[in-house]
>>> print(open('final-v4.cif').read())   # mmCIF, C-alpha atoms
data_query
#
loop_
_atom_site.group_PDB
_atom_site.id
_atom_site.type_symbol
_atom_site.label_atom_id
_atom_site.label_comp_id
_atom_site.auth_asym_id
_atom_site.auth_seq_id
_atom_site.Cartn_x
_atom_site.Cartn_y
_atom_site.Cartn_z
ATOM 1 C CA MET A 1 -6.349 -30.071 -6.172
ATOM 2 C CA VAL A 2 -7.812 -29.705 -2.655
ATOM 3 C CA LYS A 3 -5.829 -32.731 -1.452
ATOM 4 C CA SER A 4 -2.630 -31.261 -2.870
ATOM 5 C CA ALA A 5 -3.328 -27.886 -1.235
ATOM 6 C CA ASN A 6 -4.013 -29.559 2.112
ATOM 7 C CA ARG A 7 -0.765 -31.499 1.875
ATOM 8 C CA THR A 8 1.145 -28.315 1.104
ATOM 9 C CA LEU A 9 -0.298 -26.602 4.170
ATOM 10 C CA GLU A 10 0.395 -29.655 6.344
ATOM 11 C CA VAL A 11 4.032 -29.745 5.258
ATOM 12 C CA ILE A 12 4.531 -26.003 5.839
ATOM 13 C CA GLU A 13 2.766 -26.016 9.223
ATOM 14 C CA THR A 14 4.617 -29.127 10.414
ATOM 15 C CA ILE A 15 8.035 -27.755 9.465
ATOM 16 C CA GLY A 16 7.075 -24.415 10.975
ATOM 17 C CA TRP A 17 6.260 -26.039 14.318
ATOM 18 C CA ARG A 18 9.153 -28.527 14.343
ATOM 19 C CA GLY A 19 11.778 -26.088 13.009
ATOM 20 C CA SER A 20 13.399 -28.486 10.537
ATOM 21 C CA LEU A 21 12.711 -31.994 9.250
ATOM 22 C CA THR A 22 14.158 -34.484 6.806
ATOM 23 C CA GLN A 23 12.097 -35.849 3.939
ATOM 24 C CA SER A 24 11.833 -39.159 5.813
ATOM 25 C CA ASP A 25 10.507 -37.356 8.906
ATOM 26 C CA ILE A 26 7.840 -35.610 6.811
ATOM 27 C CA ILE A 27 6.764 -38.853 5.163
ATOM 28 C CA LYS A 28 6.430 -40.616 8.529
ATOM 29 C CA LEU A 29 4.663 -37.760 10.304
ATOM 30 C CA LEU A 30 2.162 -36.980 7.566
ATOM 31 C CA GLY A 31 1.822 -40.330 5.826
ATOM 32 C CA ILE A 32 2.622 -38.895 2.405
ATOM 33 C CA PRO A 33 3.839 -41.267 -0.330
ATOM 34 C CA LYS A 34 7.552 -40.829 -1.051
ATOM 35 C CA SER A 35 6.988 -39.828 -4.700
ATOM 36 C CA SER A 36 4.418 -37.167 -3.719
ATOM 37 C CA ALA A 37 6.607 -35.859 -0.909
ATOM 38 C CA SER A 38 9.625 -35.542 -3.197
ATOM 39 C CA ALA A 39 7.678 -33.578 -5.805
ATOM 40 C CA LEU A 40 6.017 -31.319 -3.227
ATOM 41 C CA LEU A 41 9.242 -30.565 -1.343
ATOM 42 C CA SER A 42 11.038 -29.813 -4.591
ATOM 43 C CA THR A 43 8.320 -27.371 -5.678
ATOM 44 C CA LEU A 44 8.274 -25.577 -2.321
ATOM 45 C CA THR A 45 12.067 -25.330 -2.277
ATOM 46 C CA ARG A 46 12.260 -23.910 -5.796
ATOM 47 C CA SER A 47 9.648 -21.275 -4.932
ATOM 48 C CA GLY A 48 11.506 -20.243 -1.767
ATOM 49 C CA TYR A 49 8.914 -21.405 0.756
ATOM 50 C CA LEU A 50 11.307 -24.084 2.010
ATOM 51 C CA GLN A 51 15.077 -24.343 2.061
ATOM 52 C CA LEU A 52 17.178 -27.508 2.158
ATOM 53 C CA ASP A 53 20.445 -27.788 4.056
ATOM 54 C CA ALA A 54 22.701 -29.725 1.680
ATOM 55 C CA ARG A 55 24.778 -31.133 4.564
ATOM 56 C CA THR A 56 22.086 -32.244 7.012
ATOM 57 C CA ARG A 57 19.300 -32.778 4.421
ATOM 58 C CA LEU A 58 16.954 -30.894 6.745
ATOM 59 C CA TYR A 59 14.104 -28.777 5.355
ATOM 60 C CA SER A 60 13.200 -25.530 7.072
ATOM 61 C CA LEU A 61 11.020 -22.540 6.192
ATOM 62 C CA GLY A 62 12.519 -20.504 3.364
ATOM 63 C CA PRO A 63 13.152 -16.822 2.671
ATOM 64 C CA GLN A 64 9.793 -16.326 0.986
ATOM 65 C CA PHE A 65 8.132 -16.523 4.398
ATOM 66 C CA VAL A 66 10.415 -13.783 5.697
ATOM 67 C CA THR A 67 9.399 -11.623 2.733
ATOM 68 C CA LEU A 68 5.689 -12.249 3.232
ATOM 69 C CA ALA A 69 5.907 -11.718 6.990
ATOM 70 C CA GLY A 70 7.833 -8.494 6.468
ATOM 71 C CA ARG A 71 5.185 -7.157 4.118
ATOM 72 C CA TYR A 72 2.417 -8.090 6.517
ATOM 73 C CA LEU A 73 4.163 -6.600 9.540
ATOM 74 C CA SER A 74 5.074 -3.446 7.627
ATOM 75 C CA LYS A 75 1.402 -2.871 6.868
ATOM 76 C CA LEU A 76 0.536 -3.344 10.523
ATOM 77 C CA ASP A 77 3.326 -0.966 11.501
ATOM 78 C CA ILE A 78 2.261 1.727 9.073
ATOM 79 C CA VAL A 79 -1.346 1.576 10.307
ATOM 80 C CA ARG A 80 -0.267 1.770 13.944
ATOM 81 C CA ILE A 81 2.107 4.660 13.223
ATOM 82 C CA SER A 82 -0.359 6.528 11.021
ATOM 83 C CA GLN A 83 -3.384 6.442 13.325
ATOM 84 C CA PRO A 84 -2.391 9.227 15.770
ATOM 85 C CA ILE A 85 -0.803 11.309 12.993
ATOM 86 C CA LEU A 86 -3.917 11.164 10.816
ATOM 87 C CA ARG A 87 -6.066 11.908 13.847
ATOM 88 C CA ASP A 88 -3.989 15.007 14.580
ATOM 89 C CA LEU A 89 -4.068 16.037 10.907
ATOM 90 C CA THR A 90 -7.851 15.760 10.757
ATOM 91 C CA ASN A 91 -8.229 17.678 14.013
ATOM 92 C CA ARG A 92 -6.065 20.509 12.677
ATOM 93 C CA ILE A 93 -7.775 20.946 9.308
ATOM 94 C CA ASP A 94 -11.194 19.429 10.144
ATOM 95 C CA GLU A 95 -11.266 17.459 6.904
ATOM 96 C CA SER A 96 -11.261 13.671 6.528
ATOM 97 C CA SER A 97 -7.930 11.925 5.970
ATOM 98 C CA PHE A 98 -7.044 8.432 4.782
ATOM 99 C CA LEU A 99 -4.114 6.021 4.655
ATOM 100 C CA LEU A 100 -3.903 4.129 1.357
ATOM 101 C CA CYS A 101 -1.569 1.198 0.726
ATOM 102 C CA ARG A 102 -0.694 -0.471 -2.530
ATOM 103 C CA SER A 103 -2.418 -3.826 -2.995
ATOM 104 C CA ASP A 104 -1.454 -5.370 -6.333
ATOM 105 C CA ASP A 105 -3.012 -3.051 -8.932
ATOM 106 C CA ALA A 106 -5.121 -0.974 -6.540
ATOM 107 C CA ALA A 107 -4.935 1.412 -3.607
ATOM 108 C CA ILE A 108 -6.665 0.024 -0.509
ATOM 109 C CA VAL A 109 -7.918 2.025 2.479
ATOM 110 C CA MET A 110 -6.001 0.871 5.572
ATOM 111 C CA TRP A 111 -7.102 3.634 7.969
ATOM 112 C CA ARG A 112 -9.353 6.687 8.019
ATOM 113 C CA GLU A 113 -10.157 9.640 10.256
ATOM 114 C CA PHE A 114 -13.404 11.545 9.765
ATOM 115 C CA CYS A 115 -13.863 15.257 10.298
ATOM 116 C CA THR A 116 -16.617 16.836 12.386
ATOM 117 C CA GLN A 117 -18.178 18.615 9.411
ATOM 118 C CA PRO A 118 -21.778 17.645 8.547
ATOM 119 C CA LEU A 119 -20.737 16.807 4.990
ATOM 120 C CA ALA A 120 -17.714 14.513 4.607
ATOM 121 C CA TYR A 121 -16.396 12.008 2.092
ATOM 122 C CA ASN A 122 -16.523 8.436 3.409
ATOM 123 C CA MET A 123 -14.239 5.604 2.297
ATOM 124 C CA GLN A 124 -14.681 2.219 3.960
ATOM 125 C CA LEU A 125 -11.775 0.293 5.481
ATOM 126 C CA GLY A 126 -10.655 -2.204 2.877
ATOM 127 C CA GLU A 127 -12.177 -0.236 0.006
ATOM 128 C CA ARG A 128 -10.130 -0.497 -3.191
ATOM 129 C CA ALA A 129 -9.740 1.955 -6.058
ATOM 130 C CA PRO A 130 -7.579 2.090 -9.209
ATOM 131 C CA MET A 131 -4.337 3.829 -8.304
ATOM 132 C CA ALA A 132 -4.311 6.138 -11.328
ATOM 133 C CA LEU A 133 -7.755 7.489 -10.402
ATOM 134 C CA THR A 134 -7.046 8.569 -6.821
ATOM 135 C CA ALA A 135 -4.762 11.251 -5.436
ATOM 136 C CA GLY A 136 -3.165 8.789 -3.024
ATOM 137 C CA GLY A 137 -2.771 6.184 -5.738
ATOM 138 C CA ILE A 138 -1.080 8.712 -8.035
ATOM 139 C CA ALA A 139 1.312 9.612 -5.207
ATOM 140 C CA ILE A 140 2.293 5.920 -5.042
ATOM 141 C CA LEU A 141 2.525 5.560 -8.837
ATOM 142 C CA ALA A 142 5.009 8.427 -8.944
ATOM 143 C CA TYR A 143 7.591 6.110 -7.379
ATOM 144 C CA ILE A 144 6.841 3.000 -9.439
ATOM 145 C CA ALA A 145 8.588 2.412 -12.769
ATOM 146 C CA ARG A 146 6.121 3.211 -15.534
ATOM 147 C CA ASP A 147 6.483 -0.216 -17.137
ATOM 148 C CA GLN A 148 5.210 -1.687 -13.844
ATOM 149 C CA TRP A 149 2.117 0.488 -13.600
ATOM 150 C CA PRO A 150 -1.188 -1.407 -13.425
ATOM 151 C CA ASP A 151 -3.388 -1.150 -16.490
ATOM 152 C CA THR A 152 -5.923 1.603 -15.785
ATOM 153 C CA ARG A 153 -8.231 3.068 -18.415
ATOM 154 C CA LEU A 154 -8.415 6.705 -17.384
ATOM 155 C CA SER A 155 -11.524 7.267 -19.485
ATOM 156 C CA GLU A 156 -13.415 4.770 -17.328
ATOM 157 C CA ALA A 157 -13.309 6.957 -14.219
ATOM 158 C CA PRO A 158 -16.809 6.851 -12.691
ATOM 159 C CA VAL A 159 -17.381 10.614 -12.708
ATOM 160 C CA ASN A 160 -14.758 12.882 -14.239
ATOM 161 C CA PRO A 161 -12.132 11.159 -16.424
ATOM 162 C CA ILE A 162 -8.606 12.542 -16.334
ATOM 163 C CA THR A 163 -6.278 12.689 -19.301
ATOM 164 C CA PRO A 164 -2.880 10.988 -19.610
ATOM 165 C CA GLU A 165 -1.352 14.472 -19.767
ATOM 166 C CA TYR A 166 -2.951 15.469 -16.475
ATOM 167 C CA LEU A 167 -1.801 12.235 -14.851
ATOM 168 C CA ASP A 168 1.739 12.897 -16.066
ATOM 169 C CA ARG A 169 1.664 16.407 -14.576
ATOM 170 C CA GLN A 170 0.495 15.073 -11.224
ATOM 171 C CA VAL A 171 3.195 12.407 -11.180
ATOM 172 C CA ALA A 172 5.818 15.034 -11.989
ATOM 173 C CA ASN A 173 4.435 17.268 -9.249
ATOM 174 C CA VAL A 174 4.717 14.481 -6.661
ATOM 175 C CA ARG A 175 8.252 13.628 -7.694
ATOM 176 C CA ALA A 176 9.162 17.301 -7.379
ATOM 177 C CA GLY A 177 7.968 17.300 -3.758
ATOM 178 C CA GLY A 178 4.353 18.373 -4.212
ATOM 179 C CA SER A 179 0.972 16.691 -3.862
ATOM 180 C CA ALA A 180 -1.162 14.844 -6.372
ATOM 181 C CA LEU A 181 -4.502 16.576 -6.816
ATOM 182 C CA THR A 182 -7.761 15.220 -8.245
ATOM 183 C CA LYS A 183 -11.196 16.732 -8.442
ATOM 184 C CA GLY A 184 -14.403 14.740 -8.814
ATOM 185 C CA VAL A 185 -12.748 11.751 -10.492
ATOM 186 C CA MET A 186 -14.173 8.861 -8.448
ATOM 187 C CA VAL A 187 -16.933 10.743 -6.625
ATOM 188 C CA ALA A 188 -18.703 13.902 -7.722
ATOM 189 C CA GLY A 189 -18.112 16.961 -5.583
ATOM 190 C CA ASP A 190 -14.774 16.259 -3.936
ATOM 191 C CA VAL A 191 -11.209 17.526 -4.162
ATOM 192 C CA SER A 192 -8.422 15.215 -2.989
ATOM 193 C CA LEU A 193 -4.754 15.756 -2.218
ATOM 194 C CA GLY A 194 -2.306 12.846 -1.941
ATOM 195 C CA ARG A 195 1.224 12.598 -0.546
ATOM 196 C CA PRO A 196 3.564 9.569 -0.663
ATOM 197 C CA VAL A 197 4.825 7.810 2.445
ATOM 198 C CA PHE A 198 8.404 6.469 2.346
ATOM 199 C CA ASP A 199 9.786 3.521 4.291
ATOM 200 C CA HIS A 200 13.315 2.947 5.598
ATOM 201 C CA GLU A 201 14.405 1.604 2.197
ATOM 202 C CA HIS A 202 13.086 4.736 0.438
ATOM 203 C CA ARG A 203 10.249 2.745 -1.126
ATOM 204 C CA VAL A 204 6.715 4.079 -1.564
ATOM 205 C CA ASN A 205 3.915 1.577 -1.038
ATOM 206 C CA ALA A 206 1.564 3.928 0.785
ATOM 207 C CA ALA A 207 0.164 7.447 0.726
ATOM 208 C CA ILE A 208 -2.061 9.669 2.817
ATOM 209 C CA THR A 209 -4.852 11.774 1.416
ATOM 210 C CA VAL A 210 -7.178 14.562 2.435
ATOM 211 C CA THR A 211 -10.564 14.834 0.744
ATOM 212 C CA ILE A 212 -12.580 18.054 0.736
ATOM 213 C CA PRO A 213 -16.159 18.479 -0.519
ATOM 214 C CA THR A 214 -16.235 21.130 -3.243
ATOM 215 C CA ILE A 215 -18.825 23.062 -1.231
ATOM 216 C CA ARG A 216 -15.999 23.815 1.249
ATOM 217 C CA TYR A 217 -13.219 23.940 -1.327
ATOM 218 C CA LYS A 218 -11.398 27.266 -1.430
ATOM 219 C CA PRO A 219 -8.207 27.468 -3.505
ATOM 220 C CA GLN A 220 -6.746 30.042 -1.116
ATOM 221 C CA ASN A 221 -6.983 27.496 1.757
ATOM 222 C CA LEU A 222 -5.534 24.605 -0.224
ATOM 223 C CA ARG A 223 -1.935 25.616 0.378
ATOM 224 C CA GLU A 224 -2.324 25.401 4.170
ATOM 225 C CA ILE A 225 -4.082 22.017 3.908
ATOM 226 C CA ASP A 226 -1.292 20.805 1.631
ATOM 227 C CA TYR A 227 1.298 21.987 4.152
ATOM 228 C CA GLN A 228 -0.418 20.055 6.946
ATOM 229 C CA LEU A 229 -0.726 16.975 4.718
ATOM 230 C CA ALA A 230 2.966 17.137 3.800
ATOM 231 C CA THR A 231 3.926 17.497 7.461
ATOM 232 C CA ALA A 232 1.870 14.425 8.386
ATOM 233 C CA ALA A 233 3.316 12.354 5.507
ATOM 234 C CA ASN A 234 6.813 13.332 6.591
ATOM 235 C CA GLN A 235 6.108 12.348 10.203
ATOM 236 C CA ILE A 236 4.890 8.899 9.166
ATOM 237 C CA SER A 237 7.873 8.411 6.851
ATOM 238 C CA GLU A 238 10.332 9.395 9.587
ATOM 239 C CA GLN A 239 8.762 6.930 12.025
ATOM 240 C CA LEU A 240 9.122 4.233 9.372
ATOM 241 C CA GLY A 241 12.848 4.986 9.285
ATOM 242 C CA TYR A 242 12.999 7.353 6.313
ATOM 243 C CA HIS A 243 15.134 10.475 6.645
ATOM 244 C CA ALA A 244 15.192 13.217 4.043
ATOM 245 C CA ALA A 245 15.045 16.961 3.673
ATOM 246 C CA LYS A 246 11.876 18.729 4.730
ATOM 247 C CA PRO A 247 9.225 18.194 2.008
ATOM 248 C CA ARG A 248 7.999 20.974 -0.212
ATOM 249 C CA HIS A 249 4.462 22.194 0.234
ATOM 250 C CA ALA A 250 3.671 24.019 -3.003
ATOM 251 C CA LEU A 251 0.866 22.946 -5.316
ATOM 252 C CA ARG A 252 1.940 23.405 -8.897
ATOM 253 C CA ASN A 253 -1.144 22.291 -10.847
ATOM 254 C CA ASP A 254 -4.705 23.481 -11.008
ATOM 255 C CA PRO A 255 -7.580 21.120 -10.137
ATOM 256 C CA VAL A 256 -9.163 19.038 -12.850
ATOM 257 C CA SER A 257 -11.748 21.198 -14.553
#
>>> encode(input="final-v4.cif", output="structure tokens")
Amino acid sequence: MVKSANRTLEVIETIGWRGSLTQSDIIKLLGIPKSSASALLSTLTRSGYLQLDARTRLYSLGPQFVTLAGRYLSKLDIVRISQPILRDLTNRIDESSFLLCRSDDAAIVMWREFCTQPLAYNMQLGERAPMALTAGGIAILAYIARDQWPDTRLSEAPVNPITPEYLDRQVANVRAGGSALTKGVMVAGDVSLGRPVFDHEHRVNAAITVTIPTIRYKPQNLREIDYQLATAANQISEQLGYHAAKPRHALRNDPVS
């Protein structure tokens, strides 16, 4: 298995450096038996990691690498774009803010800005959480077909489980232009708002959130915080190439009791 994996990497790296090679070139350069080379090249071509020119019989890197590179670069772009916007958001409301990106079945923290308050919620870079149990994750779920949602048992929330009905209301609220809102679901004593971030293809693979300790939580101030959050999400989306009408800023649902 290790030998096969090493050969796969050698083939991909060699073609990547050389640009394009025939099967005979690959066999000579890497010393791979013809039967093994044929099977490996066929597998990589079928999966899209290589492509074969039928006329010249030259192998080159395939479209799957473009897809993977695009996803990687888009994540780098969204972090770079979000950093100053989240910093400005946190400065304006003096509450911590976070950029979450979809990673398979979870939401992962890609950036964070901490407030100056003595009590603040802390999420580590790279920290993962089930999407259905976080405000940012719910904001992402709102734009994923339900049959593609990751399997999350809402009752297994560490602190305050939410109901399927509440999750549905939050999803509907996000799709109507509002924020997702959770209270004390993953961590006791916090209220979180989440807004989706759109890319140039109108896809949602990221969200930004603001988290407020309940000791500072005042419902009358939530509307202003939501407005600032929506403004920041819209700024990030626009810089990613998304153009749409100005987002709504109204919260329609009460916090989880």
>>> closest_residue(input="final-v4.cif", among="A:Gln51, A:Ser97, A:Thr22, A:Gln148", to="A:Gln124", atoms="only C-alpha atoms")
A:Ser97
>>> atom_distance(input="final-v4.cif", atom1="atom CA of A:Arg7", atom2="atom CA of A:Ser24")
15.3 Å
>>> resolve_selection(input="final-v4.cif", expression="the PyMOL selection byres ((chain A and resi 205) around 10)", output="JSON, numbers by chain")
{"A": [75, 100, 101, 102, 103, 107, 137, 139, 140, 141, 143, 144, 196, 197, 198, 199, 202, 203, 204, 206, 207]}
>>> closest_atom_pairs(input="final-v4.cif", of="stretch 139-255 of chain A", to="stretch 82-90 of chain A", cutoff="12 Å", atoms="all atoms listed in the file", output="JSON lines")
{"residue": "A:Val197", "atom": "CA", "partner": "A:Ser82", "partner_atom": "CA", "distance": 10.1}
{"residue": "A:Ala206", "atom": "CA", "partner": "A:Ser82", "partner_atom": "CA", "distance": 10.7}
{"residue": "A:Ala207", "atom": "CA", "partner": "A:Ser82", "partner_atom": "CA", "distance": 10.3}
{"residue": "A:Ile208", "atom": "CA", "partner": "A:Leu86", "partner_atom": "CA", "distance": 8.3}
{"residue": "A:Thr209", "atom": "CA", "partner": "A:Leu86", "partner_atom": "CA", "distance": 9.5}
{"residue": "A:Val210", "atom": "CA", "partner": "A:Thr90", "partner_atom": "CA", "distance": 8.4}
{"residue": "A:Thr211", "atom": "CA", "partner": "A:Thr90", "partner_atom": "CA", "distance": 10.4}
{"residue": "A:Ile212", "atom": "CA", "partner": "A:Thr90", "partner_atom": "CA", "distance": 11.3}
{"residue": "A:Glu224", "atom": "CA", "partner": "A:Leu89", "partner_atom": "CA", "distance": 11.7}
{"residue": "A:Ile225", "atom": "CA", "partner": "A:Leu89", "partner_atom": "CA", "distance": 9.2}
{"residue": "A:Asp226", "atom": "CA", "partner": "A:Leu89", "partner_atom": "CA", "distance": 10.8}
{"residue": "A:Tyr227", "atom": "CA", "partner": "A:Leu89", "partner_atom": "CA", "distance": 10.5}
{"residue": "A:Gln228", "atom": "CA", "partner": "A:Leu89", "partner_atom": "CA", "distance": 6.7}
{"residue": "A:Leu229", "atom": "CA", "partner": "A:Leu89", "partner_atom": "CA", "distance": 7.1}
{"residue": "A:Ala230", "atom": "CA", "partner": "A:Leu89", "partner_atom": "CA", "distance": 10.1}
{"residue": "A:Thr231", "atom": "CA", "partner": "A:Leu89", "partner_atom": "CA", "distance": 8.8}
{"residue": "A:Ala232", "atom": "CA", "partner": "A:Ile85", "partner_atom": "CA", "distance": 6.2}
{"residue": "A:Ala233", "atom": "CA", "partner": "A:Ile85", "partner_atom": "CA", "distance": 8.6}
{"residue": "A:Asn234", "atom": "CA", "partner": "A:Ile85", "partner_atom": "CA", "distance": 10.2}
{"residue": "A:Gln235", "atom": "CA", "partner": "A:Ile85", "partner_atom": "CA", "distance": 7.5}
{"residue": "A:Ile236", "atom": "CA", "partner": "A:Ser82", "partner_atom": "CA", "distance": 6.1}
{"residue": "A:Ser237", "atom": "CA", "partner": "A:Ser82", "partner_atom": "CA", "distance": 9.4}
{"residue": "A:Glu238", "atom": "CA", "partner": "A:Ser82", "partner_atom": "CA", "distance": 11.2}
{"residue": "A:Gln239", "atom": "CA", "partner": "A:Ser82", "partner_atom": "CA", "distance": 9.2}
{"residue": "A:Leu240", "atom": "CA", "partner": "A:Ser82", "partner_atom": "CA", "distance": 9.9}
>>> residues_around(input="final-v4.cif", residues="A:Val79", least_positions_apart="6", cutoff="9 Å", atoms="all atoms listed in the file", output="ChimeraX atom specification")
/A:99,110-111
>>> closest_residue(input="final-v4.cif", among="A:Ala54, A:Ile162, A:Ile93, A:Leu167", to="A:Arg223", atoms="all atoms listed in the file")
A:Ile93
>>> residues_around(input="final-v4.cif", residues="A:Leu21", least_positions_apart="4", cutoff="12 Å", atoms="all atoms listed in the file", output="PyMOL selection string")
chain A and resi 11-17+25-30+41+50-53+56-61
>>> resolve_selection(input="final-v4.cif", expression="the PyMOL selection byres ((chain A and resi 191) around 9)", output="PyMOL selection string")
chain A and resi 181-185+189-190+192-193+210-214+217+255
>>> atom_distance(input="final-v4.cif", atom1="atom CA of A:His200", atom2="atom CA of A:Ser96")
26.8 Å
>>> resolve_selection(input="final-v4.cif", expression="the PyMOL selection byres ((chain A and resi 132) around 8)", output="list in words")
Pro130, Met131, Leu133, Thr134, Ala135, Gly137, Ile138, Leu141, Thr152, Leu154 and Leu167 of chain A
>>> atom_distance(input="final-v4.cif", atom1="atom CA of A:Cys115", atom2="atom CA of A:Asn91")
7.2 Å
>>> decode(input="final-v4.cif", residues="stretch 114-132 of chain A", atoms="N, CA and C atoms", output="PDB file, in the first residue's frame")
ATOM      1  N   PHE A 114     -10.649  38.835  18.614  1.00  0.00           N
ATOM      2  CA  PHE A 114     -11.135  38.886  19.988  1.00  0.00           C
ATOM      3  C   PHE A 114     -11.421  40.323  20.421  1.00  0.00           C
ATOM      4  N   CYS A 115     -12.449  40.466  21.230  1.00  0.00           N
ATOM      5  CA  CYS A 115     -12.819  41.771  21.754  1.00  0.00           C
ATOM      6  C   CYS A 115     -11.920  42.143  22.926  1.00  0.00           C
ATOM      7  N   THR A 116     -12.084  43.362  23.415  1.00  0.00           N
ATOM      8  CA  THR A 116     -11.264  43.827  24.545  1.00  0.00           C
ATOM      9  C   THR A 116     -11.927  43.556  25.890  1.00  0.00           C
ATOM     10  N   GLN A 117     -13.119  43.001  25.866  1.00  0.00           N
ATOM     11  CA  GLN A 117     -13.850  42.736  27.110  1.00  0.00           C
ATOM     12  C   GLN A 117     -13.115  41.691  27.964  1.00  0.00           C
ATOM     13  N   PRO A 118     -13.218  41.782  29.287  1.00  0.00           N
ATOM     14  CA  PRO A 118     -12.527  40.814  30.145  1.00  0.00           C
ATOM     15  C   PRO A 118     -13.070  39.398  30.009  1.00  0.00           C
ATOM     16  N   LEU A 119     -14.327  39.270  29.617  1.00  0.00           N
ATOM     17  CA  LEU A 119     -14.924  37.956  29.425  1.00  0.00           C
ATOM     18  C   LEU A 119     -15.281  37.811  27.945  1.00  0.00           C
ATOM     19  N   ALA A 120     -14.705  36.812  27.287  1.00  0.00           N
ATOM     20  CA  ALA A 120     -14.946  36.626  25.849  1.00  0.00           C
ATOM     21  C   ALA A 120     -14.895  35.149  25.520  1.00  0.00           C
ATOM     22  N   TYR A 121     -15.681  34.755  24.529  1.00  0.00           N
ATOM     23  CA  TYR A 121     -15.709  33.370  24.074  1.00  0.00           C
ATOM     24  C   TYR A 121     -14.521  33.133  23.157  1.00  0.00           C
ATOM     25  N   ASN A 122     -13.804  32.031  23.356  1.00  0.00           N
ATOM     26  CA  ASN A 122     -12.584  31.758  22.611  1.00  0.00           C
ATOM     27  C   ASN A 122     -12.746  30.477  21.800  1.00  0.00           C
ATOM     28  N   MET A 123     -12.597  30.584  20.479  1.00  0.00           N
ATOM     29  CA  MET A 123     -12.521  29.415  19.613  1.00  0.00           C
ATOM     30  C   MET A 123     -11.137  29.394  18.969  1.00  0.00           C
ATOM     31  N   GLN A 124     -10.488  28.233  18.987  1.00  0.00           N
ATOM     32  CA  GLN A 124      -9.146  28.116  18.455  1.00  0.00           C
ATOM     33  C   GLN A 124      -9.177  28.012  16.931  1.00  0.00           C
ATOM     34  N   LEU A 125      -8.134  28.535  16.272  1.00  0.00           N
ATOM     35  CA  LEU A 125      -8.003  28.340  14.834  1.00  0.00           C
ATOM     36  C   LEU A 125      -7.938  26.844  14.548  1.00  0.00           C
ATOM     37  N   GLY A 126      -8.720  26.408  13.581  1.00  0.00           N
ATOM     38  CA  GLY A 126      -8.758  24.992  13.255  1.00  0.00           C
ATOM     39  C   GLY A 126      -9.763  24.193  14.049  1.00  0.00           C
ATOM     40  N   GLU A 127     -10.400  24.820  15.040  1.00  0.00           N
ATOM     41  CA  GLU A 127     -11.398  24.112  15.841  1.00  0.00           C
ATOM     42  C   GLU A 127     -12.605  23.776  14.980  1.00  0.00           C
ATOM     43  N   ARG A 128     -13.136  22.565  15.161  1.00  0.00           N
ATOM     44  CA  ARG A 128     -14.264  22.086  14.372  1.00  0.00           C
ATOM     45  C   ARG A 128     -15.482  21.898  15.266  1.00  0.00           C
ATOM     46  N   ALA A 129     -16.656  22.095  14.677  1.00  0.00           N
ATOM     47  CA  ALA A 129     -17.908  21.890  15.405  1.00  0.00           C
ATOM     48  C   ALA A 129     -18.974  21.431  14.418  1.00  0.00           C
ATOM     49  N   PRO A 130     -19.929  20.609  14.870  1.00  0.00           N
ATOM     50  CA  PRO A 130     -21.023  20.194  13.977  1.00  0.00           C
ATOM     51  C   PRO A 130     -21.776  21.406  13.447  1.00  0.00           C
ATOM     52  N   MET A 131     -22.034  21.428  12.160  1.00  0.00           N
ATOM     53  CA  MET A 131     -22.643  22.617  11.557  1.00  0.00           C
ATOM     54  C   MET A 131     -24.018  22.930  12.122  1.00  0.00           C
ATOM     55  N   ALA A 132     -24.814  21.903  12.420  1.00  0.00           N
ATOM     56  CA  ALA A 132     -26.176  22.147  12.890  1.00  0.00           C
ATOM     57  C   ALA A 132     -26.225  22.654  14.320  1.00  0.00           C
TER      58      ALA A 132
END
